[in-house]
Each structure stands twice: as C-alpha cells, then as structure tokens.
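A.B. asks: coords_39.cif is reproduced below (mmCIF, C-alpha atoms and all ligand atoms).
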```cif
data_target
loop_
_atom_site.label_atom_id
_atom_site.label_comp_id
_atom_site.auth_asym_id
_atom_site.auth_seq_id
_atom_site.Cartn_x
_atom_site.Cartn_y
_atom_site.Cartn_z
CA MET A 1 0.00 0.00 0.00
CA GLU A 2 1.30 3.44 -0.89
CA ILE A 3 0.17 6.16 1.50
CA ILE A 4 0.63 9.70 0.21
CA ILE A 5 0.13 12.64 2.55
CA LEU A 6 -0.44 15.93 0.77
CA SER A 7 -0.82 19.46 2.01
CA THR A 8 -4.20 20.33 0.46
CA PRO A 9 -7.37 18.59 -0.76
CA ALA A 10 -6.62 19.91 -4.27
CA GLU A 11 -3.22 18.14 -4.19
CA VAL A 12 -4.98 14.94 -3.14
CA GLY A 13 -7.22 15.23 -6.20
CA ARG A 14 -4.30 15.98 -8.51
CA VAL A 15 -2.09 13.12 -7.34
CA ALA A 16 -4.95 10.59 -7.36
CA ALA A 17 -6.03 11.81 -10.81
CA ALA A 18 -2.49 11.32 -12.10
CA LYS A 19 -2.77 7.67 -11.11
CA ILE A 20 -6.07 7.24 -12.99
CA ALA A 21 -4.71 9.18 -15.98
CA SER A 22 -1.67 6.90 -16.22
CA VAL A 23 -3.96 3.85 -16.42
CA VAL A 24 -6.10 5.43 -19.16
CA ALA A 25 -3.04 6.68 -21.08
CA LYS A 26 -1.70 3.11 -21.23
CA LYS A 27 -5.09 1.54 -21.93
CA PRO A 28 -7.68 3.88 -23.52
CA SER A 29 -10.36 1.19 -23.18
CA ALA A 30 -9.74 0.88 -19.41
CA VAL A 31 -12.61 0.02 -17.08
CA ILE A 32 -12.86 2.65 -14.34
CA GLY A 33 -14.65 2.06 -11.03
CA LEU A 34 -16.45 5.30 -10.20
CA ALA A 35 -17.22 6.65 -6.73
CA THR A 36 -19.64 9.40 -5.78
CA GLY A 37 -19.62 11.69 -2.73
CA SER A 38 -17.50 14.78 -2.06
CA SER A 39 -14.15 12.99 -1.76
CA PRO A 40 -13.48 12.21 -5.46
CA GLN A 41 -14.62 15.62 -6.74
CA GLY A 42 -11.01 16.84 -6.92
CA ILE A 43 -10.06 13.77 -8.94
CA TYR A 44 -12.79 14.41 -11.49
CA ALA A 45 -11.89 18.10 -11.70
CA ASP A 46 -8.25 17.29 -12.40
CA LEU A 47 -9.14 14.57 -14.90
CA GLN A 48 -11.40 17.05 -16.69
CA ARG A 49 -8.48 19.47 -16.95
CA ARG A 50 -6.40 16.69 -18.55
CA VAL A 51 -9.24 15.82 -20.95
CA ASP A 52 -9.67 19.48 -21.92
CA ALA A 53 -5.90 19.71 -22.52
CA ARG A 54 -6.24 16.58 -24.72
CA GLU A 55 -3.72 14.69 -22.57
CA ILE A 56 -6.13 11.77 -22.15
CA SER A 57 -9.53 10.68 -23.44
CA PHE A 58 -12.26 8.61 -21.82
CA ALA A 59 -14.15 8.14 -25.10
CA GLN A 60 -13.13 4.48 -25.29
CA ALA A 61 -13.14 3.84 -21.52
CA ARG A 62 -15.93 2.13 -19.62
CA GLY A 63 -17.21 2.83 -16.13
CA PHE A 64 -19.00 0.99 -13.35
CA ALA A 65 -20.34 2.97 -10.42
CA LEU A 66 -19.81 1.69 -6.91
CA ASP A 67 -23.29 2.10 -5.54
CA GLU A 68 -26.81 3.51 -5.89
CA TYR A 69 -29.75 4.14 -3.60
CA VAL A 70 -32.72 1.81 -3.69
CA GLY A 71 -35.99 3.31 -4.80
CA ILE A 72 -34.83 6.61 -6.32
CA PRO A 73 -35.44 7.12 -10.04
CA PRO A 74 -32.32 8.19 -11.99
CA GLU A 75 -33.57 11.71 -12.78
CA PRO A 76 -33.54 13.62 -9.44
CA PRO A 77 -30.18 15.27 -8.65
CA GLU A 78 -29.62 13.23 -5.47
CA SER A 79 -29.59 9.87 -7.28
CA TYR A 80 -26.07 8.58 -7.87
CA ALA A 81 -27.04 8.10 -11.53
CA SER A 82 -27.48 11.89 -11.73
CA VAL A 83 -24.24 12.55 -9.86
CA ILE A 84 -22.25 10.26 -12.13
CA ALA A 85 -23.87 11.73 -15.27
CA ARG A 86 -23.24 15.30 -14.10
CA ASP A 87 -19.77 14.98 -12.53
CA VAL A 88 -18.19 12.19 -14.54
CA VAL A 89 -19.80 11.07 -17.80
CA GLY A 90 -20.39 14.56 -19.21
CA PRO A 91 -17.22 16.37 -18.08
CA LEU A 92 -14.87 13.47 -18.85
CA GLY A 93 -16.55 12.58 -22.14
CA PHE A 94 -17.28 8.90 -21.59
CA GLY A 95 -18.92 7.45 -24.69
CA PRO A 96 -22.70 7.02 -24.68
CA SER A 97 -23.87 4.01 -22.64
CA ARG A 98 -20.34 3.17 -21.52
CA VAL A 99 -21.00 3.79 -17.82
CA ARG A 100 -23.25 1.51 -15.80
CA MET A 101 -24.93 1.98 -12.43
CA PRO A 102 -26.27 -0.65 -10.03
CA ASP A 103 -30.04 -0.80 -10.54
CA GLY A 104 -31.82 0.40 -7.42
CA LEU A 105 -35.23 0.23 -9.06
CA ALA A 106 -35.21 -3.36 -10.33
CA ASP A 107 -38.21 -5.55 -9.48
CA ASP A 108 -35.75 -8.24 -8.46
CA LEU A 109 -32.91 -6.32 -6.77
CA GLU A 110 -30.96 -9.46 -5.92
CA PHE A 111 -31.00 -10.70 -9.51
CA ALA A 112 -29.97 -7.25 -10.77
CA ALA A 113 -27.12 -7.08 -8.23
CA ASN A 114 -25.79 -10.48 -9.32
CA GLU A 115 -26.08 -9.41 -12.94
CA TYR A 116 -24.05 -6.25 -12.14
CA ASP A 117 -21.16 -8.31 -10.82
CA ALA A 118 -21.39 -10.50 -13.92
CA ALA A 119 -21.32 -7.39 -16.16
CA ILE A 120 -18.13 -6.17 -14.46
CA ARG A 121 -16.52 -9.56 -15.08
CA ALA A 122 -17.76 -9.61 -18.69
CA ALA A 123 -16.14 -6.21 -19.24
CA GLY A 124 -12.83 -7.76 -18.19
CA GLY A 125 -12.87 -6.45 -14.62
CA VAL A 126 -12.16 -3.00 -13.25
CA ASP A 127 -8.68 -1.67 -14.08
CA VAL A 128 -8.68 1.08 -11.48
CA GLN A 129 -11.25 1.70 -8.76
CA ILE A 130 -11.73 5.17 -7.28
CA LEU A 131 -12.82 5.13 -3.62
CA GLY A 132 -13.78 7.57 -0.89
CA ILE A 133 -14.37 6.51 2.69
CA GLY A 134 -17.15 7.21 5.14
CA ALA A 135 -16.44 8.52 8.63
CA ASN A 136 -17.48 5.08 9.93
CA GLY A 137 -14.98 3.36 7.64
CA HIS A 138 -17.41 2.31 4.90
CA ILE A 139 -16.26 2.05 1.30
CA GLY A 140 -18.94 2.09 -1.37
CA PHE A 141 -21.90 1.57 0.91
CA ASN A 142 -20.33 -1.42 2.67
CA GLU A 143 -21.22 -0.53 6.21
CA PRO A 144 -19.33 -1.89 9.25
CA THR A 145 -19.60 -5.71 9.53
CA SER A 146 -19.75 -6.12 5.74
CA SER A 147 -18.02 -9.35 4.78
CA PHE A 148 -14.68 -9.01 3.03
CA ALA A 149 -16.04 -11.62 0.59
CA SER A 150 -19.28 -9.73 -0.13
CA ARG A 151 -20.55 -9.21 -3.68
CA THR A 152 -22.82 -6.53 -5.14
CA ARG A 153 -25.96 -6.65 -3.01
CA ILE A 154 -28.63 -4.74 -1.12
CA LYS A 155 -27.49 -3.12 2.12
CA THR A 156 -29.23 -1.18 4.87
CA LEU A 157 -27.64 2.23 5.32
CA ALA A 158 -26.29 2.98 8.80
CA PRO A 159 -28.20 5.83 10.48
CA SER A 160 -24.95 7.85 10.57
CA THR A 161 -24.54 7.41 6.80
CA ARG A 162 -28.10 8.58 6.18
CA GLU A 163 -27.40 11.63 8.34
CA ALA A 164 -24.11 12.34 6.54
CA ASN A 165 -25.83 12.13 3.15
CA ALA A 166 -28.93 14.13 4.18
CA ARG A 167 -27.13 17.24 2.87
CA PHE A 168 -27.91 16.06 -0.67
CA PHE A 169 -31.66 15.65 0.06
CA ASP A 170 -34.47 17.99 1.08
CA SER A 171 -34.64 16.34 4.50
CA LEU A 172 -33.35 13.31 6.41
CA ASP A 173 -36.69 11.57 5.85
CA ARG A 174 -36.05 11.60 2.11
CA VAL A 175 -32.75 9.71 2.38
CA PRO A 176 -33.38 6.09 1.37
CA THR A 177 -32.83 3.40 3.98
CA HIS A 178 -31.36 0.94 1.48
CA CYS A 179 -28.82 0.85 -1.31
CA VAL A 180 -27.18 -1.49 -3.78
CA THR A 181 -23.41 -1.50 -3.46
CA GLN A 182 -20.52 -3.37 -4.97
CA GLY A 183 -19.30 -5.74 -2.27
CA LEU A 184 -15.88 -5.65 -0.67
CA GLY A 185 -15.05 -8.85 -2.55
CA THR A 186 -16.11 -7.17 -5.80
CA ILE A 187 -14.00 -4.09 -5.04
CA LEU A 188 -10.96 -6.21 -4.15
CA GLU A 189 -11.06 -7.77 -7.64
CA ALA A 190 -10.19 -4.44 -9.27
CA ARG A 191 -6.60 -4.42 -10.52
CA GLU A 192 -5.78 -1.21 -8.72
CA LEU A 193 -7.46 0.79 -5.95
CA VAL A 194 -7.12 4.54 -5.33
CA LEU A 195 -8.69 5.84 -2.14
CA VAL A 196 -8.86 9.52 -1.25
CA ALA A 197 -9.82 11.15 2.04
CA GLN A 198 -9.80 14.78 3.08
CA GLY A 199 -10.56 16.52 6.36
CA SER A 200 -10.33 15.62 10.05
CA ALA A 201 -13.72 13.85 10.01
CA LYS A 202 -12.02 11.06 8.02
CA ALA A 203 -8.89 10.80 10.20
CA ASP A 204 -10.08 7.90 12.39
CA ALA A 205 -11.43 5.93 9.41
CA ALA A 206 -8.22 6.47 7.43
CA ALA A 207 -5.97 5.40 10.31
CA ALA A 208 -8.08 2.34 11.13
CA SER A 209 -8.16 1.30 7.47
CA VAL A 210 -4.46 1.71 6.84
CA GLU A 211 -2.86 0.85 10.19
CA GLY A 212 -5.54 -0.96 12.16
CA PRO A 213 -6.22 -4.68 12.26
CA LEU A 214 -8.23 -6.32 9.49
CA SER A 215 -11.79 -6.12 10.67
CA SER A 216 -15.17 -6.23 9.00
CA PHE A 217 -16.05 -3.53 11.51
CA VAL A 218 -13.76 -1.24 9.49
CA PRO A 219 -14.62 -2.06 5.87
CA GLY A 220 -11.76 0.14 4.62
CA SER A 221 -9.27 -2.23 6.28
CA ALA A 222 -10.09 -4.69 3.46
CA LEU A 223 -7.71 -2.60 1.34
CA GLN A 224 -4.82 -4.19 3.20
CA LEU A 225 -5.62 -7.43 1.35
CA HIS A 226 -5.04 -5.84 -2.06
CA GLU A 227 -1.74 -5.83 -3.90
CA HIS A 228 -1.97 -2.39 -5.55
CA VAL A 229 -3.49 0.33 -3.39
CA THR A 230 -2.81 4.05 -3.30
CA VAL A 231 -4.23 6.04 -0.39
CA ALA A 232 -3.97 9.81 -0.89
CA VAL A 233 -4.92 11.96 2.09
CA ASP A 234 -4.54 15.57 3.14
CA GLU A 235 -2.84 16.53 6.40
CA ALA A 236 -6.15 16.66 8.30
CA ALA A 237 -7.20 13.18 7.22
CA ALA A 238 -3.67 11.94 7.98
CA SER A 239 -3.65 13.40 11.49
CA LYS A 240 -4.28 10.04 13.24
CA LEU A 241 -1.72 8.03 11.26
CA LYS A 242 0.99 6.72 13.59
CA HIS A 243 3.59 6.35 10.86
CA ALA A 244 2.93 9.58 8.97
CA ASP A 245 6.63 10.50 9.00
CA TYR A 246 7.54 7.22 7.36
CA TYR A 247 4.92 7.66 4.61
CA LYS A 248 6.20 11.19 3.92
CA TYR A 249 9.80 9.96 3.83
CA THR A 250 8.87 7.15 1.44
CA TYR A 251 6.99 9.49 -0.91
CA ALA A 252 9.76 12.12 -0.83
CA ASN A 253 12.26 9.42 -1.82
CA LYS A 254 10.12 7.78 -4.47
CA PRO A 255 12.19 7.21 -7.62
CA ASN A 256 11.16 9.49 -10.50
CA ARG A 257 10.53 6.49 -12.76
CA GLN A 258 7.73 5.40 -10.43
CA ARG A 259 6.00 8.78 -10.30
CA ASN A 260 2.92 9.70 -12.31
CA GLN A 261 2.93 13.19 -13.81
C1 LIG B 1 -20.99 7.86 0.55
C2 LIG B 1 -20.69 6.97 -0.67
C3 LIG B 1 -19.26 6.52 -0.67
C4 LIG B 1 -18.39 7.66 -0.22
C5 LIG B 1 -18.63 7.95 1.23
C6 LIG B 1 -17.99 9.23 1.70
O1 LIG B 1 -22.13 7.57 1.22
N1 LIG B 1 -21.55 5.86 -0.83
O2 LIG B 1 -18.91 6.05 -1.96
O3 LIG B 1 -17.04 7.35 -0.39
O4 LIG B 1 -19.99 7.87 1.55
O5 LIG B 1 -18.69 10.33 1.20
P1 LIG B 1 -18.05 11.76 1.05
O6 LIG B 1 -16.96 11.61 0.06
O7 LIG B 1 -19.15 12.64 0.55
O8 LIG B 1 -17.54 12.14 2.39
#
```
Show how you would write the structure in this file as structure tokens.
C.D. replies:
Amino acid sequence: MEIIILSTPAEVGRVAAAKIASVVAKKPSAVIGLATGSSPQGIYADLQRRVDAREISFAQARGFALDEYVGIPPEPPESYASVIARDVVGPLGFGPSRVRMPDGLADDLEFAANEYDAAIRAAGGVDVQILGIGANGHIGFNEPTSSFASRTRIKTLAPSTREANARFFDSLDRVPTHCVTQGLGTILEARELVLVAQGSAKADAAAASVEGPLSSFVPGSALQLHEHVTVAVDEAAASKLKHADYYKYTYANKPNRQRNQ
C-alpha cells in the first residue's frame, strides 16, 4: 500500500487523478470504477483538466459505479445516476452508454445485483477503482460488519450514513434506507485501488483502514488485502496516522521512474 500525505485537498485530487490518468493513457479502453460523494470531486476536476488539454480521453473507456440508492429514479439530482452523469460522464466525455450503475429500481434487486457483478466480469474487470471513505470506515456503501467476501448486493444504510448524506436531500426523511453497493469482494477484484480522504472527520477511518487490524467492523481495512493500493490523504485526514513520517519519507524518496505526472 502506498500512503501519500499531501498538504491540500486539491493536491490529493491531482495526485490521485495522475494515477487514474496513467492507467487510461496506457489503456484507452480501461474500465474505471467510479465513486460518488464529495471525496473524489477533486479527482474528477483534475481529470477534466487533462481531458480538456487533450492529454487523455475517456471516449473508449468504460465505467462501473460503486453504488446507488434503492428506490430513487435516476432523474432527481440526489440519485447517484445523476451525480455520475453530471460529474463524470459529461465532463470526462465517456462514450454514450459506456457507464453503468447498479439498478436500485429493479423488481428483483438481488437478480440485478448479481447481474451487475457479472457485467463487471464480462467487461474484463475494473482496471482502477476510485474510492472515498465514510467517517465510519465504509467504502462504497459497505457498512461496518460487511463481509470481506461480499458481492454486489442490497445493504441497509447505517443511520450515521443517512445523516451524513442528508445534505444532498431535502430532509433526512427523504434519504433512502437501502442501497445497492458493490461488495468488498467485488472491489478487491479491481486491478488497482485509489482511495482519497480529506478533512479531520475522516482521520479515524483512514488510520483504522491503513494501520488498524483487518476487521469487517472497518470495511476500509479490506484494502490491506489488495496488492496495488494508493491512499492519498490531506494533512487533516492523515492526522491520526501513527507512521505519517515514514509515509512522507517514502513518498519524498520515491524514484522518478515510479512517479505519475
Ligand atoms: C458515501 C458513498 C461513498 C463515499 C462515502 C464518503 O455515502 N456511498 O462512496 O465514499 O460515503 O462520502 P463523502 O466523500 O461525501 O464524504
């Protein structure tokens, strides 16, 4: 695991975006795992800058979103389908119909969730998965006690997650109680994982995920099982890391040939 501590949230976005850009530059048809929430906004902004500068193109790339609420049609702005369309598909120029969402409106949610995992496999698997993290350690919507072997499935949102996400809805009552999320086992099958976290509210979750014991109570700790993980955090999100000095030393001494531009 590479842990990169950066001075500002914008730097976090830029460094994480460089990682995604290097994958797409090598493989224009790459499959990108897409996260929603505030955390990856800086990544998408920096990737858009690179697209506008014609450094990279997502026209041939494909995308699979991490999660979606159950019971919200795709049109309202709070659905993750809207967020992905607005923040990712449009600005980055993904080709039409090349980005898929879990179906939170299916008559048979379980069947649709299984089919989503199958579609990821049929696309050749995710080349690079973008991740944020919840203050309770969730990734995607895999709430504490999610199995490390879990697949895409229906989950009940923790009350604290509903409260955290109420800012995107008219009121807390309007936040769905359920979601469909890629499982931790699904996420771990991506070839590369890039997790970003900013702000002191994420400091405990970041430290527990990176330095704590493997525990389903901290879903982010599943990342320790993966061979290729980059965790990019700002100083505030890094404030609970015990070995911050070592991570800074390692990054400062990283050979140029291993750096993304
Ligand atoms: C949300 C999303 C996650 C996201 C996390 C943190 O509920 N389902 O994909 O990483 O919680 O959100 P934010 O980045 O807005 O803090």
A.B. asks: From the options A:Ser239, A:Thr230, A:Thr156, A:Gln41, which residue's atoms come nearest to His178 (chain A), counting all atoms listed in the file?
C.D. replies: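 The closest residue to His178 (chain A) is A:Thr156.
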A.B. asks: Find the residues around region 152-154 of chain A up to 6 Å (all atoms listed in the file counted), leave out those fewer than 2 positions away in its own chain, and share them as a list in words.
C.D. replies: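 Counting all atoms listed in the file, the residues come to Ala113, Cys179, Val180, Thr181, Gln182 and Gly183 of chain A.
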A.B. asks: Please report the interatomic distance between CA of Val126 (chain A) and CA of Asn253 (chain A) in Å with one decimal.
C.D. replies: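 Going from CA of Val126 (chain A) over to CA of Asn253 (chain A) covers 29.7 Å.
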A.B. asks: Pick out the residues no farther than 7 Å from ligand LIG 1 (chain B), counting only C-alpha atoms and all ligand atoms, and list them as a tab-separated table (two decimals) with C-alpha atoms, in the frame of the given file.
C.D. replies:
```tsv
chain	number	residue	atom	x	y	z
A	35	ALA	CA	-17.22	6.65	-6.73
A	36	THR	CA	-19.64	9.40	-5.78
A	37	GLY	CA	-19.62	11.69	-2.73
A	38	SER	CA	-17.50	14.78	-2.06
A	39	SER	CA	-14.15	12.99	-1.76
A	40	PRO	CA	-13.48	12.21	-5.46
A	66	LEU	CA	-19.81	1.69	-6.91
A	67	ASP	CA	-23.29	2.10	-5.54
A	131	LEU	CA	-12.82	5.13	-3.62
A	132	GLY	CA	-13.78	7.57	-0.89
A	133	ILE	CA	-14.37	6.51	2.69
A	134	GLY	CA	-17.15	7.21	5.14
A	138	HIS	CA	-17.41	2.31	4.90
A	139	ILE	CA	-16.26	2.05	1.30
A	140	GLY	CA	-18.94	2.09	-1.37
A	141	PHE	CA	-21.90	1.57	0.91
A	161	THR	CA	-24.54	7.41	6.80
A	165	ASN	CA	-25.83	12.13	3.15
```
A.B. asks: Using all atoms listed in the file, find the one residue out of A:Val89, A:Val196, A:Ala205, A:Ile187 that sits nearest to Glu11 (chain A).
C.D. replies: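 Of A:Val89, A:Val196, A:Ala205, A:Ile187, the one nearest Glu11 (chain A), counting all atoms listed in the file, is A:Val196.
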A.B. asks: Using all atoms listed in the file, which of A:Pro73, A:Ala232, A:Gly137, A:His243 sits nearest Lys202 (chain A)?
C.D. replies: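 Among A:Pro73, A:Ala232, A:Gly137, A:His243, it is A:Gly137 that comes nearest to Lys202 (chain A).
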A.B. asks: Excluding Glu189 (chain A) and residues on its chain fewer than 2 positions from it, collect all residues at most 12 Å away from it, counting only C-alpha atoms, and give them as a ChimeraX atom specification.
C.D. replies: /A:33,117,120-121,124-129,148-151,182-187,191-193,222-223,225-229
A.B. asks: Separation of CA of Tyr246 (chain A) and CA of Pro144 (chain A), in Å?
C.D. replies: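 Computing it gives 28.4 Å between the two atoms.
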A.B. asks: List as a count of residues only the protein and nucleic acid residues near Ser209 (chain A), meaning an atom at most 7 Å away when only C-alpha atoms are counted, but skip any in the same chain fewer than 4 places from it.
C.D. replies: 4
A.B. asks: Record the distance separating CA of Arg62 (chain A) and CA of Ala81 (chain A), expressed in Å with one decimal.
C.D. replies: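 So the two atoms, CA of Arg62 (chain A) and CA of Ala81 (chain A), lie 15.0 Å apart.
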A.B. asks: Given all atoms listed in the file as the basis, pick out the residue of A:Ile5, A:Phe58, A:Pro77, A:Gly199 nearest to Tyr251 (chain A).
C.D. replies: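 The answer is A:Ile5, which sits nearest to Tyr251 (chain A).
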A.B. asks: With a distance cut-off of 9 Å and all atoms listed in the file, select the neighbouring residues of Gly63 (chain A), excluding the residue or stretch itself and same-chain residues fewer than 4 positions from it, and output the selection as a list in words.
C.D. replies: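 Final neighbour list, sorted by chain and number: Ala30, Val31, Ile32, Gly33, Leu34, Val89, Phe94, Arg98, Val99, Arg100, Met101 and Val126 of chain A.
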A.B. asks: Choose the residue, out of A:Gly13, A:Pro255, A:Pro176, A:Gly95, that has the smallest atom-to-atom separation from Val233 (chain A); count only C-alpha atoms.
C.D. replies: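 That would be A:Gly13, the residue with the smallest distance to Val233 (chain A).
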A.B. asks: Contacts of region 171-173 of chain A at 12 Å or less, counting only C-alpha atoms, minus same-chain residues fewer than 3 places along, as an NGL selection string?
C.D. replies: :A and (78 or 159-168 or 176-177)
A.B. asks: Let me have the centre and edge lengths of the axis-aligned box enclosing all listed atoms of region 82-88 of chain A with 3 Å padding on every side, in Å to one decimal, as JSON.
C.D. replies:
```
{"center_x": -22.8, "center_y": 12.8, "center_z": -12.6, "size_x": 15.3, "size_y": 11.0, "size_z": 11.4}
```
A.B. asks: Counting all atoms listed in the file, figure out which residue out of A:Pro9, A:Pro219, A:Gly71, A:Pro213 gets nearest to Leu109 (chain A).
C.D. replies: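 The shortest atom-to-atom distance to Leu109 (chain A) comes from A:Gly71.
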